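Novice: Handing you a structure now.
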Amino acid sequence: MTGAKQFHANGKLLLTAEYFVLDGALALALPTKRGQSLTCMPASEQQELATLHWQSFDETGTPWFEATFAVQDFAILQATDTAVANRLRAILTEARKLVPAFLPTMPTHPTASTYKFTNLSIHCHLDFPREWGLGTSSTLIHLVAQWAGADAFELQFRTFGGSGYDIACAGADGPLLYRLKDGQPQATPCDFRPSFSDQLYFVYLGKKQDSREGIARYRQWSNGAGKALTVFTNKITALTEGFLAAETPGEFGELMRRHEEVVSEAIGLPRAKSLYFSDFWGEIKSLGAWGGDFVLALSNRPVEETQTYFNEKGFGVFLPYDTLVR
């Protein structure tokens, strides 16, 4: 399409250091093949008020959100969901603060005595169901940052907060090591390709988890942890390095178990395996915010038998590792 600009951002999974990445622990993060794309197109009509017409589509191509904004101040002119529109307006506003030239409020070529503006149409398409928790917000932040020419980490920290690992995943070509050092994001590509990846699976627990609630619970613990926080952070960093070096499924499974025990002790929540899969023959590890999104399963039995186990327990989303991780 003439004049159209297109951008893409990867989804994310946090394999290690959930919560503790906020306090400088080294994390192993995985960008996903599924993500979100943004297409910016000039609309055909011109008018005296510059507008931005936004449409968001889910993985089936069905629109789930639509809004129109005034380009001058991103005022909401109409929206199908006011809360979503307000969050989007905040992102666009911060993007302009970072890059004042983003979407100029005056036309480049005013005609005669009347200014005429070319309206813009934005289409965002998700590659994954919104409830999966693979980064609906972080992919959006990265897309807007690409479009505006802004620093994606800065835009994230000014809007949604968090550690920023998801922003690093959005633009990564493969697995990466991530940490915050003196509050600054550091992302390094790493060679994480388990030879036993055919024994690893992602299982969706069926409830999109609010990361902010999990972070708040962790902060309640960490604010009173004192010197113990450093001890826990060092343990997590060592486990991350262990995951990267693990050569056998047995080593990897032991690291999964130990990591779960450390996080469980810190946030006071039981392991997903204890809650849902106590009779599972392999190992289970939560990913990201505990309680509702994906878990990683390690199984030495055939894929059909493993999938049947989870399906019979009511967990229908079962994805082999290599089908999801970039």
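The way I read the labels, and the way they are meant: chains A, B, ... in the order of the structure tokens, residue 1 as the first residue of every chain, and ligand 1 as the first ligand shown, with later ones counted on from there.
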Write out as a list in words which residues come within 9 Å of region 232-240 of chain A when counting only C-alpha atoms, dropping same-chain ones fewer than 6 positions away.
Specialist: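 Near neighbours after the sequence-gap exclusion: Leu15, Thr16, Ala17, Phe20, Val21, Asp23, Gly24, Ala25, Leu26, Ala27, Leu28, Leu177, Leu255, Met256, Arg258, His259, Val262, Val263 and Ala266 of chain A.
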Novice: Taking the chain letters and numbering used in this document, name the residues of region 122-285 of chain A that DSSP puts in strand (DSSP E or B), as number ranges by chain.
Specialist: A: 122-126, 176-181, 184-189, 200-204, 283-285
Novice: Please, could you write that set of residues out with C-alpha atoms as a PDB file, in the first residue's frame?
Specialist:
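Wrote it out as again.pdb, contents follow:
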ATOM      1  CA  ILE A 122      -3.534   2.323  12.173  1.00  0.00           C
ATOM      2  CA  HIS A 123      -4.082  -1.441  12.101  1.00  0.00           C
ATOM      3  CA  CYS A 124      -2.609  -3.646  14.851  1.00  0.00           C
ATOM      4  CA  HIS A 125      -2.746  -7.420  14.413  1.00  0.00           C
ATOM      5  CA  LEU A 126      -1.969  -9.955  17.150  1.00  0.00           C
ATOM      6  CA  LEU A 176      18.829 -13.398  25.449  1.00  0.00           C
ATOM      7  CA  LEU A 177      20.269 -12.746  28.878  1.00  0.00           C
ATOM      8  CA  TYR A 178      18.767  -9.683  30.504  1.00  0.00           C
ATOM      9  CA  ARG A 179      19.422  -7.714  33.646  1.00  0.00           C
ATOM     10  CA  LEU A 180      18.962  -4.264  35.129  1.00  0.00           C
ATOM     11  CA  LYS A 181      22.262  -2.732  36.198  1.00  0.00           C
ATOM     12  CA  GLN A 184      19.630   0.484  33.096  1.00  0.00           C
ATOM     13  CA  PRO A 185      18.598  -2.415  30.832  1.00  0.00           C
ATOM     14  CA  GLN A 186      21.298  -4.739  29.537  1.00  0.00           C
ATOM     15  CA  ALA A 187      20.340  -7.362  26.950  1.00  0.00           C
ATOM     16  CA  THR A 188      22.839  -9.824  25.478  1.00  0.00           C
ATOM     17  CA  PRO A 189      22.023 -12.470  22.853  1.00  0.00           C
ATOM     18  CA  LEU A 200       9.925 -29.211  26.532  1.00  0.00           C
ATOM     19  CA  TYR A 201       6.364 -27.916  26.236  1.00  0.00           C
ATOM     20  CA  PHE A 202       4.423 -24.788  27.102  1.00  0.00           C
ATOM     21  CA  VAL A 203       1.058 -25.296  28.811  1.00  0.00           C
ATOM     22  CA  TYR A 204      -1.395 -22.437  29.308  1.00  0.00           C
ATOM     23  CA  GLU A 283       9.004 -31.232  36.031  1.00  0.00           C
ATOM     24  CA  ILE A 284       6.957 -28.016  35.895  1.00  0.00           C
ATOM     25  CA  LYS A 285       8.112 -24.399  36.083  1.00  0.00           C
TER      26      LYS A 285
END
Novice: Which residue out of A:Val295, A:Leu269, A:Ala67, A:Leu77 has the minimum interatomic distance to Ser121 (chain A) when only C-alpha atoms are used?
Specialist: A:Ala67
Novice: Between A:Gly174, A:Pro100, A:Gly314, A:Gly253, single out the one closest to Pro31 (chain A), counting only C-alpha atoms.
Specialist: A:Gly174
Novice: For Trp221 (chain A), please output as JSON, numbers by chain all residues within 9 Å (counting only C-alpha atoms; exclusion window: fewer than 3 positions along the same chain).
Specialist: {"A": [216, 217, 218, 224, 225, 266, 267, 268]}
Novice: Near Leu14 (chain A), within 6 Å and counting only C-alpha atoms, which residues show up once chain neighbours fewer than 3 positions away are dropped, as a list of chain:residue names?
Specialist: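 The residues satisfying every condition are A:Ala29, A:Leu287, A:Gly288.
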Novice: Please report the interatomic distance between CA of Arg87 (chain A) and CA of Asp151 (chain A) in Å with one decimal.
Specialist: 18.3 Å
Novice: Can you pull out every residue from region 154-183 of chain A that DSSP, working from the backbone, puts in helix (DSSP H, G or I), and format the result as a list in words?
Specialist: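 Filtering region 154-183 of chain A down to helix (DSSP H, G or I) leaves Glu154, Leu155, Gln156, Phe157, Arg158, Thr159, Tyr165, Asp166, Ile167, Ala168, Cys169 and Ala170 of chain A.
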Novice: At a cut-off of 12 Å, using only C-alpha atoms, what residues contact Gly161 (chain A)? Leave out same-chain residues fewer than 6 positions from it and give the result as a ChimeraX atom specification.
Specialist: /A:22,91,137-138,141,152-155,167,183,211-212,215
Novice: Just the selected residues (all heavy atoms), exported as an mmCIF file, in the first residue's frame, please.
Specialist:
data_model
loop_
_atom_site.group_PDB
_atom_site.id
_atom_site.type_symbol
_atom_site.label_atom_id
_atom_site.label_comp_id
_atom_site.auth_asym_id
_atom_site.auth_seq_id
_atom_site.Cartn_x
_atom_site.Cartn_y
_atom_site.Cartn_z
ATOM 1 N N LEU A 22 13.711 -7.646 38.606
ATOM 2 C CA LEU A 22 13.487 -6.248 38.992
ATOM 3 C C LEU A 22 14.594 -5.722 39.901
ATOM 4 O O LEU A 22 14.816 -4.511 39.982
ATOM 5 C CB LEU A 22 12.141 -6.115 39.714
ATOM 6 C CG LEU A 22 10.892 -6.369 38.874
ATOM 7 C CD1 LEU A 22 9.691 -6.599 39.773
ATOM 8 C CD2 LEU A 22 10.641 -5.195 37.937
ATOM 9 N N ILE A 91 0.386 6.255 25.966
ATOM 10 C CA ILE A 91 1.566 5.795 25.228
ATOM 11 C C ILE A 91 1.918 6.776 24.120
ATOM 12 O O ILE A 91 3.092 7.159 23.945
ATOM 13 C CB ILE A 91 1.306 4.393 24.644
ATOM 14 C CG1 ILE A 91 1.153 3.373 25.764
ATOM 15 C CG2 ILE A 91 2.441 3.983 23.702
ATOM 16 C CD1 ILE A 91 0.642 2.015 25.299
ATOM 17 N N SER A 137 0.839 -5.803 25.712
ATOM 18 C CA SER A 137 1.258 -4.425 26.019
ATOM 19 C C SER A 137 2.683 -4.141 25.563
ATOM 20 O O SER A 137 2.961 -3.099 24.974
ATOM 21 C CB SER A 137 1.134 -4.164 27.528
ATOM 22 O OG SER A 137 -0.195 -4.302 27.963
ATOM 23 N N SER A 138 3.610 -5.065 25.840
ATOM 24 C CA SER A 138 5.009 -4.805 25.494
ATOM 25 C C SER A 138 5.221 -4.743 23.988
ATOM 26 O O SER A 138 6.009 -3.936 23.493
ATOM 27 C CB SER A 138 5.923 -5.870 26.108
ATOM 28 O OG SER A 138 5.558 -7.166 25.683
ATOM 29 N N ILE A 141 4.042 -1.307 22.951
ATOM 30 C CA ILE A 141 5.034 -0.287 23.286
ATOM 31 C C ILE A 141 6.166 -0.289 22.256
ATOM 32 O O ILE A 141 6.591 0.763 21.755
ATOM 33 C CB ILE A 141 5.612 -0.536 24.691
ATOM 34 C CG1 ILE A 141 4.561 -0.266 25.772
ATOM 35 C CG2 ILE A 141 6.857 0.325 24.938
ATOM 36 C CD1 ILE A 141 4.241 1.186 25.992
ATOM 37 N N ALA A 152 12.472 2.396 23.027
ATOM 38 C CA ALA A 152 11.386 1.553 23.503
ATOM 39 C C ALA A 152 11.454 1.319 25.015
ATOM 40 O O ALA A 152 10.420 1.264 25.689
ATOM 41 C CB ALA A 152 11.401 0.213 22.771
ATOM 42 N N PHE A 153 12.666 1.160 25.571
ATOM 43 C CA PHE A 153 12.792 0.967 27.013
ATOM 44 C C PHE A 153 12.297 2.195 27.767
ATOM 45 O O PHE A 153 11.564 2.079 28.754
ATOM 46 C CB PHE A 153 14.243 0.688 27.395
ATOM 47 C CG PHE A 153 14.740 -0.664 26.981
ATOM 48 C CD1 PHE A 153 15.640 -0.803 25.934
ATOM 49 C CD2 PHE A 153 14.301 -1.809 27.632
ATOM 50 C CE1 PHE A 153 16.108 -2.046 25.553
ATOM 51 C CE2 PHE A 153 14.759 -3.065 27.259
ATOM 52 C CZ PHE A 153 15.665 -3.180 26.203
ATOM 53 N N GLU A 154 12.683 3.370 27.297
ATOM 54 C CA GLU A 154 12.259 4.597 27.969
ATOM 55 C C GLU A 154 10.736 4.744 27.902
ATOM 56 O O GLU A 154 10.090 5.143 28.880
ATOM 57 C CB GLU A 154 12.940 5.813 27.324
ATOM 58 C CG GLU A 154 12.689 7.133 28.041
ATOM 59 C CD GLU A 154 13.245 7.165 29.453
ATOM 60 O OE1 GLU A 154 14.238 6.464 29.726
ATOM 61 O OE2 GLU A 154 12.663 7.893 30.291
ATOM 62 N N LEU A 155 10.163 4.419 26.753
ATOM 63 C CA LEU A 155 8.707 4.500 26.615
ATOM 64 C C LEU A 155 8.026 3.514 27.559
ATOM 65 O O LEU A 155 7.006 3.836 28.178
ATOM 66 C CB LEU A 155 8.313 4.225 25.163
ATOM 67 C CG LEU A 155 6.837 4.409 24.810
ATOM 68 C CD1 LEU A 155 6.358 5.823 25.129
ATOM 69 C CD2 LEU A 155 6.591 4.089 23.334
ATOM 70 N N ILE A 167 10.456 -5.853 26.549
ATOM 71 C CA ILE A 167 10.831 -4.933 25.464
ATOM 72 C C ILE A 167 12.065 -5.467 24.741
ATOM 73 O O ILE A 167 12.170 -5.398 23.511
ATOM 74 C CB ILE A 167 11.096 -3.525 26.016
ATOM 75 C CG1 ILE A 167 9.814 -2.943 26.626
ATOM 76 C CG2 ILE A 167 11.631 -2.602 24.926
ATOM 77 C CD1 ILE A 167 8.670 -2.781 25.645
ATOM 78 N N GLY A 183 19.690 0.272 37.290
ATOM 79 C CA GLY A 183 18.435 0.721 36.699
ATOM 80 C C GLY A 183 18.421 0.769 35.188
ATOM 81 O O GLY A 183 17.390 1.098 34.592
ATOM 82 N N SER A 211 0.488 -8.919 35.709
ATOM 83 C CA SER A 211 1.872 -8.846 36.190
ATOM 84 C C SER A 211 2.021 -7.851 37.323
ATOM 85 O O SER A 211 2.829 -8.030 38.227
ATOM 86 C CB SER A 211 2.805 -8.466 35.032
ATOM 87 O OG SER A 211 2.777 -9.454 34.034
ATOM 88 N N ARG A 212 1.234 -6.771 37.275
ATOM 89 C CA ARG A 212 1.362 -5.744 38.310
ATOM 90 C C ARG A 212 0.979 -6.276 39.687
ATOM 91 O O ARG A 212 1.560 -5.891 40.695
ATOM 92 C CB ARG A 212 0.510 -4.524 37.934
ATOM 93 C CG ARG A 212 1.140 -3.674 36.832
ATOM 94 C CD ARG A 212 0.208 -2.630 36.286
ATOM 95 N NE ARG A 212 -0.847 -3.237 35.470
ATOM 96 C CZ ARG A 212 -1.682 -2.564 34.709
ATOM 97 N NH1 ARG A 212 -1.619 -1.255 34.666
ATOM 98 N NH2 ARG A 212 -2.597 -3.172 33.983
ATOM 99 N N ILE A 215 3.921 -8.373 40.850
ATOM 100 C CA ILE A 215 5.031 -7.503 41.233
ATOM 101 C C ILE A 215 4.760 -6.866 42.597
ATOM 102 O O ILE A 215 5.652 -6.758 43.437
ATOM 103 C CB ILE A 215 5.268 -6.425 40.158
ATOM 104 C CG1 ILE A 215 5.848 -7.077 38.887
ATOM 105 C CG2 ILE A 215 6.205 -5.348 40.663
ATOM 106 C CD1 ILE A 215 5.945 -6.137 37.708
#
Novice: With only C-alpha atoms as the counted atoms, please give the residues lying no more than 9 Å from Pro129 (chain A), apart from itself and same-chain residues fewer than 4 positions off, as a compact mmCIF listing (two decimals) with C-alpha atoms, in the first residue's frame.
Specialist:
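Okay, this is what ended up in around-v9.txt:
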# COMPACT_ATOMS: atom_id res chain seq x y z
CA ASP A 58 -7.03 -10.46 17.44
CA GLU A 59 -5.34 -13.59 16.08
CA THR A 60 -8.48 -14.54 14.11
CA GLY A 133 0.02 -13.13 28.33
CA LEU A 134 2.73 -13.21 25.66
Novice: Choose the residue, out of A:Cys169, A:Val144, A:Leu324, A:Val99, that has the smallest atom-to-atom separation from Ser197 (chain A); count only C-alpha atoms.
Specialist: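 The closest residue to Ser197 (chain A) is A:Leu324.
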Novice: Go through A:Tyr165, A:Phe57, A:Thr51, A:Trp281 one by one, measure the shortest atom-to-atom distance of each to Ala70 (chain A) using only C-alpha atoms, and give the residue with the smallest value.
Specialist: A:Thr51
Novice: In Å, rounded to a single decimal, give me how far CA of Ala172 (chain A) is from CA of His53 (chain A).
Specialist: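 Spanning CA of His53 (chain A) to CA of Ala172 (chain A) is a straight-line distance of 29.0 Å.
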Novice: Please report the interatomic distance between CA of Tyr321 (chain A) and CA of Arg271 (chain A) in Å with one decimal.
Specialist: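 If I compute the distance from CA of Tyr321 (chain A) to CA of Arg271 (chain A), I get 20.9 Å.
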Novice: For Asp127 (chain A), which of A:Ala9, A:Ala148, A:Leu49, A:Ala228 is the closest residue, counting only C-alpha atoms?
Specialist: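 Closest to Asp127 (chain A) of all the choices is A:Ala9.
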Novice: Name the closest residue to Phe277 (chain A) among the candidates A:Thr39, A:Asn311, A:Thr68, A:Thr323; distances are taken between atoms, counting only C-alpha atoms.
Specialist: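 Nearest candidate to Phe277 (chain A) out of A:Thr39, A:Asn311, A:Thr68, A:Thr323: A:Asn311.
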Novice: Would you pick out the contacts of Thr93 (chain A) at 10 Å or less, using only C-alpha atoms, so that residues sharing its chain but fewer than 3 positions from it are not included, and give the list as an mmCIF file with all heavy atoms, in the first residue's frame?
Specialist:
data_model
loop_
_atom_site.group_PDB
_atom_site.id
_atom_site.type_symbol
_atom_site.label_atom_id
_atom_site.label_comp_id
_atom_site.auth_asym_id
_atom_site.auth_seq_id
_atom_site.Cartn_x
_atom_site.Cartn_y
_atom_site.Cartn_z
ATOM 1 N N VAL A 71 -5.004 14.211 16.465
ATOM 2 C CA VAL A 71 -3.543 14.158 16.453
ATOM 3 C C VAL A 71 -2.926 15.277 17.298
ATOM 4 O O VAL A 71 -1.884 15.092 17.911
ATOM 5 C CB VAL A 71 -3.018 14.223 14.993
ATOM 6 C CG1 VAL A 71 -1.506 14.400 14.964
ATOM 7 C CG2 VAL A 71 -3.409 12.960 14.243
ATOM 8 N N ASP A 73 -3.545 16.625 20.245
ATOM 9 C CA ASP A 73 -3.285 16.324 21.659
ATOM 10 C C ASP A 73 -3.699 14.903 22.033
ATOM 11 O O ASP A 73 -3.744 14.559 23.206
ATOM 12 C CB ASP A 73 -4.010 17.321 22.557
ATOM 13 C CG ASP A 73 -5.518 17.350 22.304
ATOM 14 O OD1 ASP A 73 -5.984 16.583 21.433
ATOM 15 O OD2 ASP A 73 -6.219 18.134 22.974
ATOM 16 N N PHE A 74 -4.014 14.087 21.024
ATOM 17 C CA PHE A 74 -4.460 12.705 21.195
ATOM 18 C C PHE A 74 -5.729 12.606 22.034
ATOM 19 O O PHE A 74 -5.962 11.606 22.731
ATOM 20 C CB PHE A 74 -3.348 11.833 21.792
ATOM 21 C CG PHE A 74 -2.122 11.765 20.918
ATOM 22 C CD1 PHE A 74 -0.895 12.189 21.394
ATOM 23 C CD2 PHE A 74 -2.201 11.313 19.615
ATOM 24 C CE1 PHE A 74 0.231 12.147 20.584
ATOM 25 C CE2 PHE A 74 -1.087 11.273 18.798
ATOM 26 C CZ PHE A 74 0.136 11.691 19.284
ATOM 27 N N ALA A 75 -6.540 13.665 21.992
ATOM 28 C CA ALA A 75 -7.838 13.602 22.652
ATOM 29 C C ALA A 75 -8.653 12.462 22.034
ATOM 30 O O ALA A 75 -8.601 12.224 20.822
ATOM 31 C CB ALA A 75 -8.583 14.926 22.496
ATOM 32 N N ARG A 87 -5.172 4.211 27.933
ATOM 33 C CA ARG A 87 -3.813 3.665 27.979
ATOM 34 C C ARG A 87 -3.066 3.955 26.685
ATOM 35 O O ARG A 87 -1.885 4.330 26.704
ATOM 36 C CB ARG A 87 -3.858 2.153 28.250
ATOM 37 C CG ARG A 87 -4.262 1.786 29.660
ATOM 38 C CD ARG A 87 -3.924 0.351 29.992
ATOM 39 N NE ARG A 87 -4.699 -0.597 29.201
ATOM 40 C CZ ARG A 87 -5.883 -1.065 29.560
ATOM 41 N NH1 ARG A 87 -6.447 -0.677 30.705
ATOM 42 N NH2 ARG A 87 -6.519 -1.935 28.800
ATOM 43 N N LEU A 88 -3.765 3.813 25.582
ATOM 44 C CA LEU A 88 -3.145 4.086 24.289
ATOM 45 C C LEU A 88 -2.810 5.568 24.152
ATOM 46 O O LEU A 88 -1.728 5.927 23.653
ATOM 47 C CB LEU A 88 -4.078 3.640 23.165
ATOM 48 C CG LEU A 88 -3.571 3.797 21.732
ATOM 49 C CD1 LEU A 88 -2.207 3.150 21.554
ATOM 50 C CD2 LEU A 88 -4.578 3.215 20.749
ATOM 51 N N ARG A 89 -3.694 6.412 24.623
ATOM 52 C CA ARG A 89 -3.417 7.846 24.570
ATOM 53 C C ARG A 89 -2.173 8.189 25.392
ATOM 54 O O ARG A 89 -1.340 9.008 24.976
ATOM 55 C CB ARG A 89 -4.616 8.641 25.112
ATOM 56 C CG ARG A 89 -4.414 10.148 24.999
ATOM 57 C CD ARG A 89 -5.477 10.950 25.715
ATOM 58 N NE ARG A 89 -5.279 12.372 25.458
ATOM 59 C CZ ARG A 89 -5.870 13.334 26.145
ATOM 60 N NH1 ARG A 89 -6.706 13.035 27.131
ATOM 61 N NH2 ARG A 89 -5.622 14.603 25.857
ATOM 62 N N ALA A 90 -2.029 7.554 26.552
ATOM 63 C CA ALA A 90 -0.853 7.804 27.390
ATOM 64 C C ALA A 90 0.426 7.388 26.674
ATOM 65 O O ALA A 90 1.447 8.084 26.736
ATOM 66 C CB ALA A 90 -0.989 7.052 28.715
ATOM 67 N N ARG A 96 5.426 11.182 22.015
ATOM 68 C CA ARG A 96 5.657 12.524 21.482
ATOM 69 C C ARG A 96 6.574 13.335 22.394
ATOM 70 O O ARG A 96 7.368 14.152 21.922
ATOM 71 C CB ARG A 96 4.330 13.258 21.274
ATOM 72 C CG ARG A 96 4.512 14.675 20.720
ATOM 73 C CD ARG A 96 3.192 15.346 20.428
ATOM 74 N NE ARG A 96 2.605 14.852 19.192
ATOM 75 C CZ ARG A 96 1.335 15.060 18.845
ATOM 76 N NH1 ARG A 96 0.524 15.719 19.667
ATOM 77 N NH2 ARG A 96 0.876 14.609 17.700
ATOM 78 N N LYS A 97 6.485 13.112 23.707
ATOM 79 C CA LYS A 97 7.404 13.799 24.618
ATOM 80 C C LYS A 97 8.845 13.381 24.340
ATOM 81 O O LYS A 97 9.771 14.197 24.430
ATOM 82 C CB LYS A 97 7.031 13.512 26.074
ATOM 83 C CG LYS A 97 5.740 14.164 26.535
ATOM 84 C CD LYS A 97 5.429 13.793 27.977
ATOM 85 C CE LYS A 97 4.124 14.411 28.451
ATOM 86 N NZ LYS A 97 3.794 13.995 29.844
ATOM 87 N N LEU A 98 9.027 12.092 24.030
ATOM 88 C CA LEU A 98 10.368 11.605 23.723
ATOM 89 C C LEU A 98 10.846 12.060 22.349
ATOM 90 O O LEU A 98 12.034 12.320 22.151
ATOM 91 C CB LEU A 98 10.378 10.065 23.788
ATOM 92 C CG LEU A 98 10.227 9.444 25.180
ATOM 93 C CD1 LEU A 98 9.990 7.943 25.082
ATOM 94 C CD2 LEU A 98 11.456 9.734 26.026
ATOM 95 N N VAL A 99 9.915 12.142 21.403
ATOM 96 C CA VAL A 99 10.238 12.567 20.029
ATOM 97 C C VAL A 99 9.213 13.627 19.617
ATOM 98 O O VAL A 99 8.153 13.293 19.087
ATOM 99 C CB VAL A 99 10.204 11.373 19.049
ATOM 100 C CG1 VAL A 99 10.625 11.819 17.647
ATOM 101 C CG2 VAL A 99 11.099 10.247 19.534
ATOM 102 N N PRO A 100 9.488 14.892 19.883
ATOM 103 C CA PRO A 100 8.515 15.951 19.614
ATOM 104 C C PRO A 100 8.026 15.992 18.162
ATOM 105 O O PRO A 100 6.915 16.462 17.893
ATOM 106 C CB PRO A 100 9.278 17.229 19.978
ATOM 107 C CG PRO A 100 10.257 16.786 21.013
ATOM 108 C CD PRO A 100 10.687 15.412 20.578
ATOM 109 N N PHE A 102 7.169 13.512 16.409
ATOM 110 C CA PHE A 102 6.264 12.400 16.142
ATOM 111 C C PHE A 102 4.863 12.918 15.846
ATOM 112 O O PHE A 102 4.251 13.593 16.671
ATOM 113 C CB PHE A 102 6.240 11.462 17.343
ATOM 114 C CG PHE A 102 5.228 10.351 17.260
ATOM 115 C CD1 PHE A 102 5.139 9.538 16.135
ATOM 116 C CD2 PHE A 102 4.376 10.102 18.319
ATOM 117 C CE1 PHE A 102 4.209 8.509 16.067
ATOM 118 C CE2 PHE A 102 3.450 9.068 18.268
ATOM 119 C CZ PHE A 102 3.371 8.280 17.140
ATOM 120 N N THR A 159 5.529 4.399 30.953
ATOM 121 C CA THR A 159 4.114 4.046 30.854
ATOM 122 C C THR A 159 3.757 2.862 31.753
ATOM 123 O O THR A 159 3.123 3.023 32.788
ATOM 124 C CB THR A 159 3.737 3.748 29.395
ATOM 125 O OG1 THR A 159 4.671 2.808 28.833
ATOM 126 C CG2 THR A 159 3.754 5.030 28.565
#
